$ cat protein.cif   # mmCIF, C-alpha atoms
data_upload
loop_
_atom_site.label_atom_id
_atom_site.label_comp_id
_atom_site.auth_asym_id
_atom_site.auth_seq_id
_atom_site.Cartn_x
_atom_site.Cartn_y
_atom_site.Cartn_z
CA MET A 1 0.00 0.00 0.00
CA PRO A 2 1.50 3.38 -0.93
CA LEU A 3 2.60 5.45 2.03
CA GLY A 4 -0.04 7.84 3.26
CA LEU A 5 -3.15 6.35 1.68
CA GLY A 6 -5.88 6.39 4.25
CA ARG A 7 -3.82 8.34 6.78
CA ARG A 8 -6.02 10.87 8.53
CA LYS A 9 -4.41 14.27 8.99
CA LYS A 10 -5.75 16.45 11.77
CA ALA A 11 -4.21 19.75 10.78
CA PRO A 12 -2.08 21.21 7.98
CA PRO A 13 1.60 20.81 8.88
CA LEU A 14 4.14 23.58 8.99
CA VAL A 15 6.48 23.63 6.05
CA GLU A 16 9.01 26.27 7.07
CA ASN A 17 11.89 25.89 9.46
CA GLU A 18 11.85 29.30 11.03
CA GLU A 19 9.28 29.17 13.82
CA ALA A 20 9.54 26.44 16.49
CA GLU A 21 11.66 23.66 18.14
CA PRO A 22 11.49 20.21 21.74
CA GLY A 23 11.33 20.84 23.85
CA ARG A 24 13.34 19.31 23.85
CA GLY A 25 11.04 18.39 26.31
CA GLY A 26 8.67 18.41 23.51
CA LEU A 27 6.03 15.89 24.52
CA GLY A 28 4.16 18.45 26.61
CA VAL A 29 2.75 18.47 30.10
CA GLY A 30 -0.90 17.91 29.40
CA GLU A 31 -2.15 21.42 30.18
CA PRO A 32 -4.85 23.09 28.07
CA GLY A 33 -3.29 24.64 25.01
CA LEU A 34 -3.84 27.93 23.30
CA LEU A 35 -5.66 26.28 20.45
CA GLY A 36 -8.19 25.01 23.00
CA GLY A 37 -10.86 22.35 22.83
CA SER A 38 -9.92 18.72 22.49
CA GLY A 39 -7.30 19.27 19.80
CA VAL A 40 -3.55 19.00 20.02
CA GLY A 41 -3.32 21.70 22.65
CA GLY A 42 -5.86 20.06 24.97
CA PRO A 43 -5.32 17.89 28.02
CA GLN A 44 -3.35 14.70 27.42
CA MET A 45 -4.32 11.47 29.06
CA GLY A 46 -1.08 9.94 30.29
CA LEU A 47 -0.20 7.34 32.84
CA PRO A 48 -0.30 8.42 36.50
CA PRO A 49 3.07 9.10 38.14
CA PRO A 50 4.67 5.88 39.37
CA PRO A 51 4.77 5.30 43.14
CA PRO A 52 7.95 6.59 44.83
CA ALA A 53 9.22 3.04 45.37
CA LEU A 54 9.44 2.54 41.60
CA ARG A 55 11.29 5.77 40.85
CA PRO A 56 15.05 5.59 40.22
CA ARG A 57 16.92 6.41 43.44
CA LEU A 58 19.54 8.57 41.82
CA VAL A 59 21.03 11.72 43.30
CA PHE A 60 22.04 14.67 41.11
CA HIS A 61 23.88 17.84 42.04
CA THR A 62 22.47 21.20 41.01
CA GLN A 63 23.08 24.92 41.29
CA LEU A 64 21.20 28.01 40.21
CA ALA A 65 22.89 29.25 37.04
CA HIS A 66 23.33 32.82 38.31
CA GLY A 67 25.07 31.51 41.44
CA SER A 68 24.13 29.51 44.53
CA PRO A 69 25.34 26.77 46.88
CA THR A 70 25.17 23.23 45.51
CA GLY A 71 21.96 21.31 46.14
CA ARG A 72 21.09 17.63 45.87
CA ILE A 73 17.91 16.37 44.18
CA GLU A 74 16.41 12.93 43.69
CA GLY A 75 13.12 11.08 43.31
CA PHE A 76 11.82 12.68 40.09
CA THR A 77 10.55 10.86 37.02
CA ASN A 78 9.90 13.64 34.48
CA VAL A 79 11.08 17.15 33.73
CA LYS A 80 8.22 18.87 35.52
CA GLU A 81 8.97 16.92 38.72
CA LEU A 82 12.66 17.75 38.31
CA TYR A 83 11.85 21.48 38.30
CA GLY A 84 9.76 20.95 41.41
CA LYS A 85 12.65 19.25 43.20
CA ILE A 86 15.02 22.07 42.22
CA ALA A 87 12.50 24.62 43.50
CA GLU A 88 12.26 22.76 46.82
CA ALA A 89 16.05 22.60 47.16
CA PHE A 90 16.41 26.37 46.74
CA ARG A 91 13.07 27.37 48.31
CA LEU A 92 11.67 28.85 45.13
CA PRO A 93 8.22 28.65 43.54
CA ALA A 94 8.39 25.89 40.92
CA ALA A 95 7.11 28.29 38.25
CA GLU A 96 10.30 30.37 38.65
CA VAL A 97 12.45 27.62 37.05
CA MET A 98 12.61 28.38 33.33
CA PHE A 99 14.93 25.64 32.04
CA CYS A 100 18.10 23.73 32.89
CA THR A 101 21.43 23.28 31.17
CA LEU A 102 23.83 20.41 31.73
CA ASN A 103 27.43 20.99 32.84
CA THR A 104 27.41 24.74 32.11
CA HIS A 105 25.85 27.73 33.84
CA LYS A 106 25.68 29.65 30.55
CA VAL A 107 22.58 29.99 28.38
CA ASP A 108 23.86 27.37 25.94
CA MET A 109 20.98 25.87 23.98
CA ASP A 110 23.18 22.99 22.82
CA LYS A 111 23.34 21.91 26.49
CA LEU A 112 19.64 22.31 27.20
CA LEU A 113 18.23 19.57 29.41
CA GLY A 114 15.74 17.51 27.43
CA GLY A 115 14.62 13.96 27.89
CA GLN A 116 17.92 12.52 29.10
CA ILE A 117 20.40 13.31 31.86
CA GLY A 118 23.80 11.68 32.12
CA LEU A 119 24.19 9.96 35.48
CA GLU A 120 27.18 12.17 36.26
CA ASP A 121 25.85 15.39 34.73
CA PHE A 122 25.68 18.55 36.83
CA ILE A 123 22.39 20.44 36.48
CA PHE A 124 22.26 24.24 36.32
CA ALA A 125 18.80 25.76 36.77
CA HIS A 126 17.98 29.06 35.08
CA VAL A 127 15.29 31.07 36.85
CA LYS A 128 13.14 33.99 35.78
CA GLY A 129 14.81 37.37 35.55
CA GLN A 130 13.76 40.60 33.89
CA ARG A 131 10.44 40.76 32.08
CA LYS A 132 10.13 42.76 28.86
CA GLU A 133 7.68 43.56 26.09
CA VAL A 134 8.92 43.95 22.52
CA GLU A 135 7.13 45.20 19.41
CA VAL A 136 8.24 43.41 16.24
CA PHE A 137 7.48 44.51 12.68
CA LYS A 138 7.07 41.39 10.54
CA SER A 139 8.81 42.55 7.38
CA GLU A 140 9.41 38.98 6.14
CA GLU A 141 7.33 35.80 6.19
CA ALA A 142 10.00 33.97 8.18
CA LEU A 143 10.99 35.52 11.50
CA GLY A 144 14.19 33.50 11.90
CA LEU A 145 13.25 31.72 15.14
CA THR A 146 13.67 28.08 16.01
CA ILE A 147 11.66 27.31 19.14
CA THR A 148 12.06 24.65 21.77
CA ASP A 149 10.29 24.09 25.08
CA ASN A 150 11.46 23.35 28.59
CA GLY A 151 9.44 20.14 28.98
CA ALA A 152 6.95 21.85 31.28
CA GLY A 153 5.05 24.32 29.11
CA TYR A 154 7.52 27.21 28.66
CA HIS A 155 8.72 28.12 25.15
CA LEU A 156 12.20 29.41 24.33
CA PRO A 157 14.02 30.60 21.22
CA GLN A 158 16.74 28.03 20.69
CA ARG A 159 18.25 29.57 17.58
CA ILE A 160 18.05 32.97 15.92
CA LYS A 161 18.95 32.98 12.25
CA GLU A 162 21.63 35.51 11.35
CA GLY A 163 20.26 38.49 9.44
CA SER A 164 16.63 37.58 10.18
CA VAL A 165 13.84 39.80 11.49
CA ILE A 166 14.42 38.62 15.07
CA ASP A 167 18.20 38.94 14.73
CA HIS A 168 17.72 42.68 14.33
CA MET A 169 15.76 42.85 17.61
CA GLN A 170 18.50 43.23 20.19
CA LEU A 171 16.10 42.74 23.10
CA ILE A 172 15.28 39.17 22.05
CA SER A 173 17.83 36.46 22.88
CA VAL A 174 18.01 32.69 22.92
CA GLY A 175 16.78 31.36 26.24
CA ASP A 176 14.14 34.07 26.70
CA MET A 177 10.74 32.66 27.61
CA ILE A 178 7.96 33.69 25.22
CA GLU A 179 5.01 34.29 27.54
CA ALA A 180 2.48 35.82 25.16
CA ILE A 181 1.88 36.92 21.57
CA ASN A 182 -0.31 40.01 21.21
CA GLY A 183 -1.49 39.51 24.78
CA GLN A 184 -2.48 35.86 24.28
CA SER A 185 -0.84 33.57 26.83
CA LEU A 186 1.21 30.64 25.55
CA LEU A 187 1.43 28.77 28.85
CA GLY A 188 0.63 25.11 28.32
CA CYS A 189 0.80 25.24 24.51
CA ARG A 190 2.93 22.86 22.49
CA HIS A 191 5.99 24.22 20.72
CA TYR A 192 4.57 23.52 17.26
CA GLU A 193 1.44 25.51 18.16
CA VAL A 194 3.61 28.50 19.04
CA ALA A 195 5.44 28.05 15.73
CA ARG A 196 2.16 28.01 13.84
CA LEU A 197 0.94 31.17 15.56
CA LEU A 198 4.14 33.02 14.67
CA LYS A 199 4.03 31.78 11.10
CA GLU A 200 0.42 32.86 10.66
CA LEU A 201 0.99 36.44 11.87
CA PRO A 202 0.36 38.72 8.87
CA ARG A 203 3.35 40.14 7.06
CA GLY A 204 3.62 43.90 7.10
CA ARG A 205 2.09 44.22 10.57
CA THR A 206 3.52 44.86 14.02
CA PHE A 207 2.98 42.34 16.79
CA THR A 208 3.93 42.28 20.47
CA LEU A 209 5.93 39.62 22.31
CA LYS A 210 5.93 39.42 26.09
CA LEU A 211 9.19 37.81 27.22
CA THR A 212 11.06 36.88 30.39
CA GLU A 213 14.81 36.52 30.26
CA PRO A 214 16.75 34.15 32.52
CA ARG A 215 18.46 35.73 35.50
CA LYS A 216 22.10 36.18 34.60
CA ALA A 217 25.34 35.94 36.49
CA PHE A 218 27.79 38.82 36.18
CA ASP A 219 29.79 37.10 33.43
CA MET A 220 26.65 36.60 31.33
CA ILE A 221 25.25 40.15 31.39
CA SER A 222 26.27 41.06 27.83
CA GLN A 223 25.62 37.63 26.37
CA ARG A 224 23.41 37.39 23.29
CA SER A 225 23.84 34.34 21.13
CA GLY A 226 22.15 33.14 17.98
CA GLY A 227 22.67 29.60 19.19
CA GLY A 228 25.13 27.04 17.92
CA ARG A 229 24.52 24.78 14.99
CA PRO A 230 22.26 21.89 16.08
CA GLY A 231 24.36 18.95 17.10
CA SER A 232 27.56 20.97 17.08
CA GLY A 233 28.09 20.76 20.82
CA PRO A 234 29.32 17.75 22.74
CA SER A 235 26.84 14.97 23.28
CA VAL A 236 24.72 15.39 26.39
CA GLY A 237 25.41 12.71 28.96
CA THR A 238 28.61 11.64 30.61
CA GLY A 239 29.69 8.77 32.77
CA ARG A 240 27.98 5.41 33.16
CA GLY A 241 24.67 6.02 31.40
CA THR A 242 21.62 8.26 31.27
CA LEU A 243 18.37 8.75 33.09
CA ARG A 244 15.64 8.99 30.45
CA LEU A 245 12.73 11.17 31.50
CA ARG A 246 9.36 10.44 29.92
CA SER A 247 6.19 12.48 29.69
CA ARG A 248 4.24 9.25 30.27
CA GLY A 249 5.37 6.44 32.51
CA PRO A 250 8.39 6.09 34.79
CA ALA A 251 11.90 7.31 34.12
CA THR A 252 14.40 4.60 33.20
CA VAL A 253 18.16 4.25 33.50
CA GLU A 254 19.62 3.38 30.11
CA ASP A 255 22.98 2.96 28.48
CA LEU A 256 24.31 5.91 26.56
CA PRO A 257 22.84 6.05 23.04
CA SER A 258 24.73 4.03 20.46
CA ALA A 259 26.52 5.84 17.64
CA PHE A 260 23.62 4.86 15.34
CA GLU A 261 20.97 6.16 17.73
CA GLU A 262 22.85 9.38 18.42
CA LYS A 263 23.29 10.18 14.73
CA ALA A 264 19.74 9.11 13.84
CA ILE A 265 18.30 11.35 16.58
CA GLU A 266 20.39 14.27 15.36
CA LYS A 267 19.26 13.77 11.74
CA VAL A 268 15.58 13.43 12.70
CA ASP A 269 15.86 16.53 14.89
CA ASP A 270 17.25 18.40 11.87
CA LEU A 271 14.23 17.24 9.86
CA LEU A 272 11.87 18.48 12.58
CA GLU A 273 13.46 21.90 12.30
CA SER A 274 13.36 21.86 8.50
CA TYR A 275 9.71 20.81 8.21
CA MET A 276 8.13 22.23 11.35
CA GLY A 277 10.51 24.84 12.73
CA ILE A 278 10.94 22.96 16.02
CA ARG A 279 13.82 21.17 17.68
CA ASP A 280 12.95 18.44 20.16
CA THR A 281 15.47 15.72 20.98
CA GLU A 282 12.99 13.74 23.06
CA LEU A 283 10.50 13.69 20.18
CA ALA A 284 13.30 12.76 17.76
CA ALA A 285 14.43 9.95 20.08
CA THR A 286 10.87 8.62 20.27
CA MET A 287 10.61 8.62 16.47
CA VAL A 288 13.92 6.77 16.12
CA GLU A 289 12.77 4.25 18.72
CA LEU A 290 9.53 3.71 16.79
CA GLY A 291 11.26 3.45 13.43
CA LYS A 292 14.48 1.53 13.97
CA ASP A 293 12.85 -1.92 13.71
CA LYS A 294 10.24 -1.09 11.06
CA LYS A 295 10.59 -2.87 7.71
CA ASN A 296 9.27 -0.13 5.44
CA PRO A 297 8.00 3.48 5.48
CA ASP A 298 4.37 2.37 5.69
CA GLU A 299 5.00 0.59 8.99
CA LEU A 300 6.76 3.72 10.29
CA ALA A 301 3.83 5.89 9.17
CA GLU A 302 1.38 3.66 11.02
CA ALA A 303 3.51 3.73 14.18
CA LEU A 304 3.82 7.52 14.06
CA ASP A 305 0.08 7.96 13.50
CA GLU A 306 -0.70 5.68 16.44
CA ARG A 307 1.76 7.23 18.90
CA LEU A 308 2.18 10.80 17.65
CA GLY A 309 -0.92 11.43 15.59
CA ASP A 310 -1.44 14.97 16.94
CA PHE A 311 1.56 16.15 14.95
CA ALA A 312 -0.04 15.17 11.60
CA PHE A 313 3.36 14.55 10.00
CA PRO A 314 3.22 14.90 6.18
CA ASP A 315 4.09 11.87 4.04
CA GLU A 316 7.23 13.45 2.61
CA PHE A 317 8.49 14.07 6.15
CA VAL A 318 7.89 10.40 7.07
CA PHE A 319 9.82 9.33 3.94
CA ASP A 320 12.73 11.54 4.97
CA VAL A 321 12.66 10.22 8.55
CA TRP A 322 12.74 6.67 7.22
CA GLY A 323 15.71 7.60 5.03
CA ALA A 324 17.53 9.32 7.90
CA ILE A 325 17.17 6.29 10.15
CA GLY A 326 18.28 4.00 7.34
CA ASP A 327 21.31 6.17 6.58
CA ALA A 328 22.34 6.17 10.24
CA LYS A 329 22.02 2.37 10.39
CA VAL A 330 24.54 1.88 7.60
CA GLY A 331 26.85 4.67 8.74
CA ARG A 332 25.98 7.23 6.07
CA TYR A 333 26.32 10.34 8.23
#

$ encode --input "protein.cif" --output "structure tokens"
Amino acid sequence: MPLGLGRRKKAPPLVENEEAEPGRGGLGVGEPGLLGGSGVGGPQMGLPPPPPALRPRLVFHTQLAHGSPTGRIEGFTNVKELYGKIAEAFRLPAAEVMFCTLNTHKVDMDKLLGGQIGLEDFIFAHVKGQRKEVEVFKSEEALGLTITDNGAGYHLPQRIKEGSVIDHMQLISVGDMIEAINGQSLLGCRHYEVARLLKELPRGRTFTLKLTEPRKAFDMISQRSGGGRPGSGPSVGTGRGTLRLRSRGPATVEDLPSAFEEKAIEKVDDLLESYMGIRDTELAATMVELGKDKKNPDELAEALDERLGDFAFPDEFVFDVWGAIGDAKVGRY
């Protein structure tokens, strides 16, 4: 059967790479989305959190990125619980934690904590700093943003394309949290919904972004980065293995990804950016996991529709994902 025949698509996909990434967390937190109703932004029915006895008893060290004593956290099974544990350790409201980076206190989007933490990684938590409101004139169709999320409903520019509309806005930096577009809150939306909203803003009009920047240490005050090339930084995860955090079900301790898995995830993440404007290593890892044992693109399409149907991936994207996984298997990097 030809790929795509009979596949039900719930919404037109994005086709540009300028407006979303993710999270990196990427699989959402199940809060009502901006698009409302029972669609992709609505509540998600996941498994209940596992009982504490079943959670990995691993201890991680953490600091606030702008400076703090070292804290110890344990007993979490997903990113949202991790933020809660960090907030408890430093006596902060959980909503103040914007995102975490691994093994660096800098706002380095290549080191953004996603779905996996190396068992010996050091976690730096970035908390809310200055709030700002910026008016942007959309002179081009593409704004030059690639968006990720923090795994708990906050949306962040991961990359800013050089020479783009956003690149000329000096008040907007990677790592800023996008709270609202034209006064409409984005809390609880999925990253691809935010991308779609930005893409659909009319050209030739001015729109308003409400942003919160991460609190900075003294050596980060003047920092403004367009973000490194995806995959250009060192692989996340050091030491004996990784703790994989899942949006549904318990966290699991796994071996470090194989060379095939690492390259396949990177290539699929690149495709997510190219087709949908998002980067999301956890979503990419899930797609590689679903596709690595499939015999043909049709089987992959069925698996993606069953597990990730809300994304409504276009057929040409599924073909490219199948090709990327196949290339990684045979070492064509």

$ atom_distance --input "protein.cif" --atom1 "CA of Lys294 (chain A)" --atom2 "CA of Leu243 (chain A)"
25.5 Å

$ axis_aligned_box --input "protein.cif" --around "region 284-299 of chain A" --padding-each-side "4 Å" --output "AutoDock Vina command-line options"
--center_x 9.4 --center_y 4.9 --center_z 12.9 --size_x 18.1 --size_y 23.6 --size_z 22.8

$ atom_distance --input "protein.cif" --atom1 "CA of Lys138 (chain A)" --atom2 "CA of Met109 (chain A)"
24.8 Å

$ atom_distance --input "protein.cif" --atom1 "CA of Arg131 (chain A)" --atom2 "CA of Leu171 (chain A)"
10.8 Å

$ closest_residue --input "protein.cif" --among "A:Thr146, A:Gln116, A:Thr212, A:Ser274" --to "Leu198 (chain A)" --atoms "all atoms listed in the file"
A:Thr146

$ resolve_selection --input "protein.cif" --expression "the PyMOL selection byres ((chain A and resi 173-185) around 8)" --output "PyMOL selection string"
chain A and resi 34+98+107+109+154-160+170-172+186-187+207-214+224-227

$ resolve_selection --input "protein.cif" --expression "the PyMOL selection byres ((chain A and resi 261) around 10)" --output "list in words"
Leu256, Pro257, Ser258, Ala259, Phe260, Glu262, Lys263, Ala264, Ile265, Glu266, Lys267, Ala285, Val288, Glu289, Lys292, Ile325, Ala328 and Lys329 of chain A
